[in-house]
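Peer 1: So that you have it, the file is entry_14.cif, and it contains mmCIF, C-alpha atoms and all ligand atoms:
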data_coords
#
loop_
_atom_site.label_atom_id
_atom_site.label_comp_id
_atom_site.auth_asym_id
_atom_site.auth_seq_id
_atom_site.Cartn_x
_atom_site.Cartn_y
_atom_site.Cartn_z
CA MET B 1 21.73 53.82 -52.88
CA PRO B 2 25.47 53.18 -52.77
CA PRO B 3 27.87 55.42 -54.62
CA ASP B 4 28.74 55.40 -58.22
CA ALA B 5 32.07 54.32 -56.83
CA ASP B 6 33.51 52.35 -59.70
CA ALA B 7 34.84 55.23 -61.75
CA ARG B 8 36.56 52.81 -64.08
CA ALA B 9 33.29 51.30 -65.23
CA PRO B 10 32.27 52.26 -68.76
CA ARG B 11 29.74 55.06 -69.13
CA GLY B 12 26.39 53.53 -68.44
CA GLY B 13 28.04 51.40 -65.81
CA ILE B 14 27.57 47.89 -67.15
CA ALA B 15 29.51 45.84 -69.60
CA PRO B 16 28.16 45.46 -73.13
CA ALA B 17 26.16 42.32 -73.69
CA GLY B 18 28.11 39.67 -75.54
CA ALA B 19 26.46 37.80 -78.37
CA GLY B 20 25.37 34.50 -76.84
CA GLU B 21 23.90 31.29 -78.16
CA ASP B 22 20.52 32.41 -76.86
CA ASP B 23 20.39 35.50 -79.03
CA ASP B 24 18.28 33.93 -81.79
CA ARG B 25 15.79 32.51 -79.36
CA LEU B 26 15.35 35.53 -77.11
CA LEU B 27 12.99 38.42 -77.80
CA PHE B 28 15.37 40.83 -76.08
CA PRO B 29 18.89 39.43 -75.96
CA GLY B 30 21.31 41.20 -73.66
CA THR B 31 18.64 42.38 -71.20
CA ARG B 32 19.93 42.50 -67.63
CA LEU B 33 17.13 44.53 -66.04
CA HIS B 34 13.52 43.48 -66.62
CA VAL B 35 11.02 46.02 -65.27
CA VAL B 36 7.49 44.64 -64.97
CA THR B 37 4.59 47.09 -64.86
CA GLY B 38 0.88 47.00 -65.79
CA LYS B 39 -2.50 48.05 -64.50
CA GLY B 40 -3.14 47.19 -60.84
CA GLY B 41 -4.13 43.59 -60.24
CA THR B 42 -3.36 42.32 -63.73
CA GLY B 43 -0.52 39.99 -62.67
CA LYS B 44 2.65 42.10 -62.33
CA THR B 45 3.97 40.31 -59.25
CA THR B 46 3.09 36.88 -60.66
CA THR B 47 4.73 37.65 -64.01
CA ALA B 48 7.83 39.16 -62.39
CA ALA B 49 8.22 36.10 -60.16
CA ALA B 50 7.71 33.63 -63.03
CA LEU B 51 10.19 35.58 -65.14
CA ALA B 52 12.77 35.47 -62.35
CA VAL B 53 12.30 31.69 -62.07
CA ALA B 54 12.64 31.29 -65.85
CA LEU B 55 15.77 33.46 -65.99
CA SER B 56 17.41 31.53 -63.13
CA ARG B 57 17.32 28.23 -64.99
CA GLY B 58 20.63 27.07 -66.40
CA GLY B 59 22.54 27.90 -63.24
CA ARG B 60 21.91 31.64 -63.32
CA ARG B 61 21.49 33.95 -60.38
CA VAL B 62 18.60 36.39 -60.48
CA LEU B 63 17.46 39.14 -58.11
CA LEU B 64 13.73 39.80 -57.88
CA CYS B 65 12.94 43.22 -56.35
CA GLU B 66 9.77 44.85 -55.14
CA VAL B 67 9.41 48.51 -54.22
CA GLU B 68 5.82 48.94 -53.13
CA ASP B 69 6.10 47.64 -49.58
CA ARG B 70 3.47 45.00 -50.26
CA GLN B 71 5.36 41.76 -49.57
CA GLY B 72 3.73 40.21 -52.63
CA ILE B 73 6.89 38.25 -53.47
CA ALA B 74 7.15 36.67 -50.03
CA ARG B 75 3.50 35.59 -50.21
CA LEU B 76 3.93 34.10 -53.66
CA PHE B 77 7.01 32.06 -52.74
CA GLY B 78 5.59 31.16 -49.32
CA VAL B 79 8.45 32.67 -47.31
CA PRO B 80 8.40 35.07 -44.31
CA PRO B 81 8.21 38.82 -45.08
CA LEU B 82 11.36 40.00 -46.83
CA PRO B 83 13.69 42.34 -44.96
CA TYR B 84 15.88 44.94 -46.69
CA GLU B 85 18.33 42.19 -47.48
CA GLU B 86 18.70 39.80 -50.37
CA ARG B 87 17.20 36.42 -49.48
CA SER B 88 17.09 33.20 -51.46
CA VAL B 89 13.50 32.31 -52.34
CA ALA B 90 13.89 29.58 -54.99
CA ALA B 91 16.54 27.31 -56.42
CA THR B 92 16.60 25.20 -59.56
CA ALA B 93 18.04 21.69 -59.88
CA ASP B 94 20.77 22.98 -62.20
CA GLY B 95 22.19 25.43 -59.67
CA GLY B 96 20.10 28.49 -60.56
CA GLU B 97 18.86 30.70 -57.79
CA VAL B 98 16.29 33.46 -57.29
CA LEU B 99 17.02 35.94 -54.53
CA ALA B 100 14.45 38.51 -53.50
CA LEU B 101 14.69 41.98 -52.02
CA ALA B 102 12.02 44.33 -50.74
CA ILE B 103 13.51 47.75 -51.38
CA GLU B 104 12.40 50.22 -48.80
CA PRO B 105 13.20 53.96 -49.16
CA ARG B 106 14.23 54.58 -45.57
CA ALA B 107 16.76 51.72 -45.49
CA ALA B 108 17.94 52.68 -48.97
CA LEU B 109 18.63 56.24 -47.83
CA LEU B 110 20.55 55.10 -44.74
CA GLU B 111 22.59 52.79 -46.93
CA TYR B 112 23.17 55.64 -49.35
CA LEU B 113 24.31 58.04 -46.63
CA ALA B 114 26.58 55.39 -45.12
CA THR B 115 28.32 54.56 -48.39
CA PHE B 116 28.22 57.80 -50.27
CA TYR B 117 28.90 60.28 -47.49
CA LYS B 118 30.42 57.82 -44.99
CA LEU B 119 27.61 58.84 -42.64
CA GLY B 120 27.24 55.61 -40.71
CA ARG B 121 26.30 56.78 -37.24
CA ALA B 122 25.47 60.30 -38.36
CA GLY B 123 22.95 58.82 -40.79
CA ARG B 124 21.26 56.98 -37.95
CA ALA B 125 21.19 60.24 -35.96
CA LEU B 126 19.47 61.94 -38.89
CA ASP B 127 17.00 59.07 -38.83
CA ARG B 128 16.27 59.72 -35.14
CA VAL B 129 15.46 63.38 -35.70
CA GLY B 130 13.14 62.51 -38.55
CA ALA B 131 15.30 63.72 -41.43
CA VAL B 132 15.18 60.33 -43.11
CA ASP B 133 11.41 60.21 -42.92
CA PHE B 134 11.32 63.72 -44.29
CA ALA B 135 13.55 62.86 -47.22
CA THR B 136 11.78 59.63 -48.11
CA THR B 137 8.19 60.69 -47.67
CA VAL B 138 8.09 64.45 -48.18
CA ALA B 139 10.88 65.47 -50.54
CA PRO B 140 9.43 65.03 -54.00
CA GLY B 141 11.10 62.44 -56.13
CA VAL B 142 13.73 61.45 -53.56
CA ARG B 143 11.89 58.28 -52.67
CA ASP B 144 11.84 57.02 -56.26
CA VAL B 145 15.46 58.00 -56.85
CA LEU B 146 16.44 55.86 -53.86
CA LEU B 147 14.38 52.90 -55.06
CA THR B 148 15.62 52.90 -58.65
CA GLY B 149 19.13 53.68 -57.40
CA LYS B 150 19.17 50.47 -55.38
CA VAL B 151 17.98 48.47 -58.40
CA TYR B 152 20.73 50.10 -60.46
CA GLU B 153 23.30 49.16 -57.84
CA ALA B 154 22.17 45.50 -57.95
CA VAL B 155 22.29 45.44 -61.77
CA ARG B 156 25.88 46.54 -61.91
CA ARG B 157 27.26 44.96 -58.73
CA ARG B 158 30.21 42.72 -59.32
CA GLY B 159 32.21 40.08 -57.58
CA ARG B 160 30.47 39.51 -54.29
CA GLY B 161 29.84 35.83 -53.79
CA ARG B 162 31.13 34.96 -57.22
CA GLY B 163 34.31 33.24 -58.34
CA THR B 164 35.96 36.10 -60.12
CA GLU B 165 36.25 39.73 -59.25
CA ARG B 166 34.79 41.02 -62.49
CA GLU B 167 31.72 38.83 -62.85
CA HIS B 168 28.30 40.38 -62.25
CA THR B 169 26.75 39.28 -58.98
CA TYR B 170 23.41 38.90 -60.75
CA ASP B 171 22.90 37.60 -64.28
CA ALA B 172 19.60 39.46 -64.33
CA VAL B 173 17.47 41.68 -62.11
CA VAL B 174 13.66 41.66 -62.29
CA LEU B 175 11.73 44.58 -60.81
CA ASP B 176 8.11 44.19 -59.77
CA ALA B 177 7.45 47.85 -60.47
CA PRO B 178 4.70 50.38 -59.69
CA PRO B 179 1.60 50.24 -61.92
CA THR B 180 1.36 51.83 -65.36
CA GLY B 181 -0.21 55.01 -63.96
CA ARG B 182 2.99 55.79 -62.06
CA ILE B 183 5.72 53.97 -63.98
CA GLY B 184 6.76 56.85 -66.25
CA ARG B 185 7.35 59.23 -63.36
CA PHE B 186 8.94 56.46 -61.29
CA LEU B 187 11.56 55.59 -63.89
CA ASN B 188 12.03 59.11 -65.19
CA VAL B 189 12.47 60.79 -61.84
CA ASN B 190 16.22 60.47 -62.06
CA SER B 191 16.29 62.61 -65.14
CA GLU B 192 14.27 65.29 -63.28
CA VAL B 193 16.65 65.14 -60.34
CA SER B 194 19.72 65.35 -62.50
CA GLY B 195 18.04 68.29 -64.19
CA ILE B 196 17.49 70.13 -60.89
CA ALA B 197 20.76 69.24 -59.18
CA ARG B 198 22.95 70.00 -62.13
CA MET B 199 26.19 69.46 -60.27
CA GLY B 200 27.64 67.19 -57.66
CA PRO B 201 27.39 63.52 -56.80
CA ILE B 202 23.58 63.27 -56.85
CA ALA B 203 23.43 64.52 -60.42
CA GLY B 204 26.19 62.12 -61.41
CA GLN B 205 24.40 59.22 -59.76
CA ALA B 206 21.01 60.09 -61.24
CA ASP B 207 22.56 60.42 -64.69
CA SER B 208 24.15 56.98 -64.36
CA VAL B 209 20.84 55.42 -63.28
CA MET B 210 19.05 57.02 -66.24
CA ARG B 211 21.72 55.81 -68.64
CA VAL B 212 21.16 52.20 -67.54
CA LEU B 213 17.36 52.57 -67.56
CA ARG B 214 17.44 53.91 -71.11
CA SER B 215 20.03 51.42 -72.36
CA PRO B 216 19.29 48.23 -74.32
CA HIS B 217 20.14 46.31 -71.13
CA THR B 218 16.76 47.38 -69.73
CA ARG B 219 13.30 46.37 -70.91
CA VAL B 220 10.02 47.53 -69.45
CA HIS B 221 7.36 44.85 -69.89
CA LEU B 222 3.66 45.64 -69.56
CA VAL B 223 1.31 43.05 -68.09
CA THR B 224 -2.33 43.10 -69.11
CA LEU B 225 -5.51 41.08 -69.08
CA LEU B 226 -7.55 40.71 -72.24
CA GLU B 227 -10.04 43.29 -71.05
CA GLU B 228 -10.75 46.73 -72.44
CA MET B 229 -9.42 48.94 -69.61
CA PRO B 230 -6.10 47.16 -69.00
CA VAL B 231 -5.44 46.88 -72.73
CA GLN B 232 -6.06 50.60 -73.21
CA GLU B 233 -3.85 51.42 -70.22
CA THR B 234 -1.14 49.15 -71.64
CA LEU B 235 -1.09 50.88 -75.00
CA ASP B 236 -1.10 54.34 -73.38
CA GLY B 237 1.65 53.25 -70.98
CA ALA B 238 3.82 51.88 -73.79
CA ARG B 239 3.51 55.17 -75.67
CA GLU B 240 4.37 57.19 -72.57
CA LEU B 241 7.43 55.07 -71.82
CA ALA B 242 8.68 55.20 -75.39
CA ALA B 243 8.20 58.99 -75.46
CA ALA B 244 10.35 59.24 -72.32
CA GLY B 245 13.09 57.29 -74.09
CA LEU B 246 12.57 54.16 -71.98
CA PRO B 247 12.91 50.82 -73.78
CA VAL B 248 9.55 49.07 -73.97
CA GLY B 249 9.76 45.27 -73.96
CA ALA B 250 6.94 42.77 -74.34
CA VAL B 251 3.25 43.01 -73.61
CA VAL B 252 2.56 40.04 -71.33
CA VAL B 253 -1.03 38.92 -71.60
CA ASP B 254 -1.82 37.17 -68.34
CA GLN B 255 -4.68 34.94 -67.26
CA ILE B 256 -5.91 33.94 -70.70
CA ARG B 257 -8.96 31.74 -70.43
CA GLY B 258 -8.86 28.64 -72.56
CA ASP B 259 -11.46 27.04 -74.80
CA THR B 260 -12.77 24.36 -72.53
CA MET B 261 -15.80 23.48 -74.64
CA PRO B 262 -15.95 22.01 -78.15
CA LEU B 263 -17.00 24.82 -80.48
CA ASP B 264 -20.02 23.10 -82.05
CA LEU B 265 -21.40 22.36 -78.62
CA LEU B 266 -20.79 25.95 -77.53
CA ASP B 267 -22.50 27.35 -80.62
CA GLY B 268 -25.41 25.06 -79.96
CA ALA B 269 -25.69 26.18 -76.37
CA LEU B 270 -25.70 29.81 -77.46
CA SER B 271 -28.30 29.49 -80.16
CA GLY B 272 -30.52 27.32 -78.00
CA ALA B 273 -30.01 24.42 -80.39
CA VAL B 274 -28.81 22.17 -77.60
CA PRO B 275 -32.00 21.10 -75.91
CA ALA B 276 -32.06 21.05 -72.14
CA SER B 277 -32.84 17.34 -72.34
CA ALA B 278 -29.52 16.67 -74.11
CA VAL B 279 -27.64 18.45 -71.33
CA ARG B 280 -29.61 16.45 -68.76
CA ASP B 281 -28.81 13.15 -70.48
CA GLY B 282 -25.18 14.13 -70.83
CA LEU B 283 -24.86 14.85 -67.13
CA VAL B 284 -26.33 11.48 -66.23
CA GLU B 285 -24.19 9.68 -68.80
CA ALA B 286 -21.02 11.35 -67.56
CA ARG B 287 -22.07 10.40 -64.02
CA LEU B 288 -21.88 14.01 -62.93
CA VAL B 289 -25.25 13.60 -61.28
CA ARG B 290 -26.52 10.55 -59.52
CA GLY B 291 -29.81 8.79 -59.94
CA SER B 292 -32.55 10.20 -62.09
CA ALA B 293 -32.71 13.40 -64.11
CA PRO B 294 -31.00 16.56 -62.83
CA GLY B 295 -33.25 19.53 -62.06
CA THR B 296 -34.12 22.34 -64.45
CA ALA B 297 -32.24 24.89 -62.33
CA LEU B 298 -28.98 23.00 -62.76
CA VAL B 299 -29.39 22.63 -66.51
CA ASP B 300 -30.40 26.25 -67.01
CA GLY B 301 -27.49 27.35 -64.85
CA LEU B 302 -25.04 25.35 -66.96
CA LEU B 303 -26.40 26.80 -70.19
CA ALA B 304 -26.15 30.31 -68.77
CA GLU B 305 -22.53 29.66 -67.74
CA ALA B 306 -21.74 28.42 -71.23
CA ARG B 307 -23.12 31.66 -72.64
CA GLU B 308 -21.08 33.76 -70.21
CA HIS B 309 -17.96 31.79 -70.98
CA ASP B 310 -18.48 32.38 -74.67
CA GLU B 311 -19.01 36.10 -74.16
CA ARG B 312 -15.73 36.28 -72.24
CA LEU B 313 -13.91 34.44 -75.01
CA ALA B 314 -15.33 36.81 -77.62
CA LEU B 315 -14.19 39.78 -75.53
CA GLN B 316 -10.75 38.21 -75.17
CA ASP B 317 -10.48 37.75 -78.92
CA ALA B 318 -11.46 41.35 -79.60
CA GLN B 319 -8.87 42.71 -77.13
CA HIS B 320 -6.23 40.33 -78.47
CA ALA B 321 -6.81 41.81 -81.92
CA VAL B 322 -6.39 45.33 -80.51
CA LEU B 323 -3.05 44.36 -78.97
CA GLU B 324 -1.86 42.62 -82.11
CA ALA B 325 -2.66 45.69 -84.17
CA ALA B 326 -0.42 47.74 -81.87
CA GLY B 327 2.49 45.64 -83.12
CA ARG B 328 4.36 45.02 -79.87
CA PRO B 329 5.74 41.57 -79.10
CA LEU B 330 3.06 39.61 -77.21
CA VAL B 331 3.79 36.94 -74.64
CA GLU B 332 0.81 34.93 -73.43
CA LEU B 333 0.18 33.22 -70.12
CA PRO B 334 -2.74 30.92 -69.35
CA GLN B 335 -5.08 31.39 -66.44
CA LEU B 336 -4.12 28.62 -64.05
CA PRO B 337 -7.11 26.96 -62.43
CA GLY B 338 -6.95 27.42 -58.69
CA GLY B 339 -4.47 30.31 -58.74
CA VAL B 340 -0.68 30.43 -58.68
CA ASP B 341 1.40 28.32 -56.33
CA HIS B 342 5.01 27.12 -56.53
CA ARG B 343 4.21 24.61 -59.25
CA GLY B 344 2.15 27.24 -61.08
CA LEU B 345 5.13 29.59 -61.16
CA GLU B 346 7.15 26.85 -62.85
CA VAL B 347 4.41 26.37 -65.46
CA LEU B 348 4.30 30.10 -66.18
CA ALA B 349 8.11 30.19 -66.29
CA ASP B 350 8.00 27.43 -68.95
CA ARG B 351 5.62 29.53 -71.04
CA LEU B 352 7.84 32.62 -70.75
CA THR B 353 10.87 30.62 -71.84
CA GLU B 354 9.03 29.02 -74.78
CA GLN B 355 8.04 32.47 -75.99
CA GLY B 356 11.55 33.89 -75.69
CA LEU B 357 11.22 36.25 -72.75
CA ALA B 358 13.80 34.21 -70.81
N1 LIG X 1 -1.80 33.16 -64.79
C1 LIG X 1 -2.55 33.22 -63.71
N2 LIG X 1 -3.42 32.23 -63.42
C2 LIG X 1 -4.20 32.29 -62.32
N3 LIG X 1 -4.20 33.31 -61.43
C3 LIG X 1 -3.36 34.33 -61.66
C4 LIG X 1 -2.49 34.34 -62.80
N4 LIG X 1 -1.77 35.50 -62.77
C5 LIG X 1 -2.18 36.16 -61.66
N5 LIG X 1 -3.11 35.47 -61.00
C6 LIG X 1 -3.81 35.88 -59.76
O1 LIG X 1 -4.34 37.18 -59.96
C7 LIG X 1 -4.19 37.97 -58.79
C8 LIG X 1 -3.42 39.24 -59.12
O2 LIG X 1 -2.10 38.87 -59.51
P1 LIG X 1 -0.84 39.71 -59.01
O3 LIG X 1 -0.82 39.88 -57.54
O4 LIG X 1 0.36 39.11 -59.65
O5 LIG X 1 -1.19 41.11 -59.71
P2 LIG X 1 -0.49 42.52 -59.50
O6 LIG X 1 -0.58 43.22 -60.80
O7 LIG X 1 0.87 42.33 -58.92
O8 LIG X 1 -1.46 43.18 -58.44
P3 LIG X 1 -1.19 44.54 -57.60
O9 LIG X 1 -1.43 45.67 -58.56
O10 LIG X 1 -2.20 44.46 -56.51
O11 LIG X 1 0.24 44.48 -57.13
C9 LIG X 1 -3.50 37.08 -57.77
O12 LIG X 1 -4.46 36.51 -56.95
C10 LIG X 1 -2.82 36.02 -58.62
O13 LIG X 1 -2.65 34.80 -57.94
MG MG X 2 1.73 43.13 -57.18
#
Rewrite the coordinates I just gave you, this time as structure tokens.
Peer 2:
Amino acid sequence: MPPDADARAPRGGIAPAGAGEDDDRLLFPGTRLHVVTGKGGTGKTTTAAALAVALSRGGRRVLLCEVEDRQGIARLFGVPPLPYEERSVAATADGGEVLALAIEPRAALLEYLATFYKLGRAGRALDRVGAVDFATTVAPGVRDVLLTGKVYEAVRRRGRGRGTEREHTYDAVVLDAPPTGRIGRFLNVNSEVSGIARMGPIAGQADSVMRVLRSPHTRVHLVTLLEEMPVQETLDGARELAAAGLPVGAVVVDQIRGDTMPLDLLDGALSGAVPASAVRDGLVEARLVRGSAPGTALVDGLLAEAREHDERLALQDAQHAVLEAAGRPLVELPQLPGGVDHRGLEVLADRLTEQGLA
């Protein structure tokens, strides 16, 4: 976590967002840090990556960070494991670029000691005697301060690699964050630290990080599936974040299953009004089975699947209604058949743009 060195920067550390042409279209104009959380396995990494791709379009430069030491971003973009170093993972035809960074507490602390206390070699000596491990794994809260501090540094960094001195290095930063169960403590830890260490550089730094996290430049998005547990966790998480003064963004509903069957046919299948013989004839007609009539097991299996599919859709609808009633902006992503590859990320990025998240 490099120093809060630019004392001339305005309080809060980043320039005010100018009114742009996109303001009417965007759900959250002026956002420079998008934090993506959600229940485990709901699609945080996928959503964060698709959002980074969407934000990079139009010649923009976006940093996509992960902090959980999982290398999920590298896997998704099909690149080798990310080091503690910003690496290009995707480029758009119009000059946009997504860079990715796996933020790791040990490297972040060494960087912090080197810049803040000018402890280059001394920092490495501390590392050898185990002090760095101690600080990053044992000292409560220090780990998270280092991780969010690095994100903060990237959000407000200026000049490097850009034409003019004053321009931000990144137009936006997207953080693939810890899950909802830990996000409040993760983002709020800086306020605890600045509370404990009332004086000195650490308190100043932690205060600055908190100011950016609580500013309108930051939005915390919650990813969910249309299932009871993730939806409940999303609503609880949104309340917890808001209570901590953190700006809640959109609820991103991922992996929505589509209606693949005409409704009258589905109703018929459910009520038993579609006779097995009709399914059998249909399969033959559509040349999905060869030769004579398909077996009873196949037909019964298909009817059972239709029923299951319908039950899932009904569950989806019910959970969608729960989310709508909560009144937060919803952004919806389809379940892509066959999972998410490069092309899939582009499709999801399109959806995020259409719905105003990017
Ligand atoms: N829209 C989608 N369509 C199809 N598959 C998806 C979609 N979104 C996510 N997935 C798949 O769901 C799985 C979980 O997604 P992802 O890894 O993004 O979740 P996560 O919240 O980051 O998980 P974790 O909590 O383990 O970090 C992955 O296999 C991913 O490919
Ligand atoms: Mg993940």
Peer 1: Write out as a ChimeraX atom specification the residues lying within 12 Å of range 75-86 of chain B, counting all atoms listed in the file and excluding same-chain residues fewer than 4 positions away.
Peer 2: /B:43-50,52-53,61-67,69-71,90-91,97-111,147,150-151,154,169-170,173,339-346
Peer 1: I'd like the interatomic distance between atom O10 of ligand LIG 1 (chain X) and CA of Ala306 in chain B, to a tenth of an Å.
Peer 2: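 Atom O10 of ligand LIG 1 (chain X) sits 29.3 Å away from CA of Ala306 in chain B.
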Peer 1: For Arg158 in chain B, please output as a list in words all residues within 6 Å (counting only C-alpha atoms; exclusion window: fewer than 3 positions along the same chain).
Peer 2: Arg166, Glu167, His168 and Thr169 of chain B
Peer 1: Kindly save the residues from that selection, with C-alpha atoms included, as a PDB file, in the coordinates of the input.
Peer 2:
ATOM      1  CA  ARG B 166      34.790  41.020 -62.490  1.00  0.00           C
ATOM      2  CA  GLU B 167      31.720  38.830 -62.850  1.00  0.00           C
ATOM      3  CA  HIS B 168      28.300  40.380 -62.250  1.00  0.00           C
ATOM      4  CA  THR B 169      26.750  39.280 -58.980  1.00  0.00           C
TER       5      THR B 169
END
Peer 1: Within 8 Å of Thr42 in chain B, counting all atoms listed in the file, which residues qualify if same-chain residues fewer than 5 places away don't, as a list in words?
Peer 2: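 Here the qualifying residues turn out to be Val223, Thr224, Leu225, Pro230 and Asp254 of chain B.
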Peer 1: Quick one, how far is CA of Val331 in chain B from CA of Gly249 in chain B?
Peer 2: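 A separation of 10.3 Å between them.
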Peer 1: Under the rule that only C-alpha atoms and all ligand atoms are counted, which of B:Glu68, B:Glu233, B:Asp171, B:Asp317 is the nearest residue to ligand MG 2 (chain X)?
Peer 2: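 Closest residue, counting only C-alpha atoms and all ligand atoms: B:Glu68.
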Peer 1: Measuring between all atoms listed in the file, which one of B:Gly204, B:Gly258, B:Pro329, B:Pro29 shows the shortest distance to ligand LIG 1 (chain X)?
Peer 2: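 Looking only at the distances to ligand LIG 1 (chain X), the closest residue turns out to be B:Gly258.
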Peer 1: To test the calculation: enclose all listed atoms of range 167-182 of chain B in a box whose edges run along x, y and z, add 3 Å on each side, then state centre and edge lengths in Å to one decimal, as JSON.
Peer 2:
{"center_x": 15.8, "center_y": 46.7, "center_z": -62.2, "size_x": 37.9, "size_y": 24.2, "size_z": 12.4}
Peer 1: Considering only C-alpha atoms, state which residue in the set B:Leu313, B:Val189, B:Ala358, B:Ala250 is at the smallest distance from Arg57 in chain B.
Peer 2: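 Once distances to Arg57 in chain B are computed over only C-alpha atoms, the minimum belongs to B:Ala358.
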Peer 1: Which residue is closest to ligand MG 2 (chain X)? Choose from B:Val299, B:Leu175, B:Gly149, B:Arg143 and count all atoms listed in the file.
Peer 2: B:Leu175
Peer 1: In Å, with one decimal, what is the gap from CA of Ala314 in chain B to atom O10 of ligand LIG 1 (chain X)?
Peer 2: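 Those two atoms sit 26.0 Å apart.
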Peer 1: Which residue out of B:Ile183, B:Val248, B:Ile73, B:Val212 has the minimum interatomic distance to ligand MG 2 (chain X) when all atoms listed in the file are used?
Peer 2: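 The shortest atom-to-atom distance to ligand MG 2 (chain X) comes from B:Ile73.
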Peer 1: Could you name the residues that touch Ala326 in chain B at 9 Å or less, counting all atoms listed in the file, but leaving out those on the same chain fewer than 4 positions away, as a count of residues only?
Peer 2: 3
Peer 1: Neighbours of Leu298 in chain B within 10 Å (all atoms listed in the file; same-chain residues fewer than 6 positions away dropped), as a tab-separated table (two decimals) with C-alpha atoms, in the frame of the given file?
Peer 2:
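File produced: part-v5.tsv:
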chain	number	residue	atom	x	y	z
B	279	VAL	CA	-27.64	18.45	-71.33
B	280	ARG	CA	-29.61	16.45	-68.76
B	304	ALA	CA	-26.15	30.31	-68.77
Peer 1: For ligand LIG 1 (chain X), which of B:Glu311, B:Asp23, B:Asp176, B:Asp144 is the closest residue, counting all atoms listed in the file?
Peer 2: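 So, comparing all the options, the nearest one is B:Asp176.
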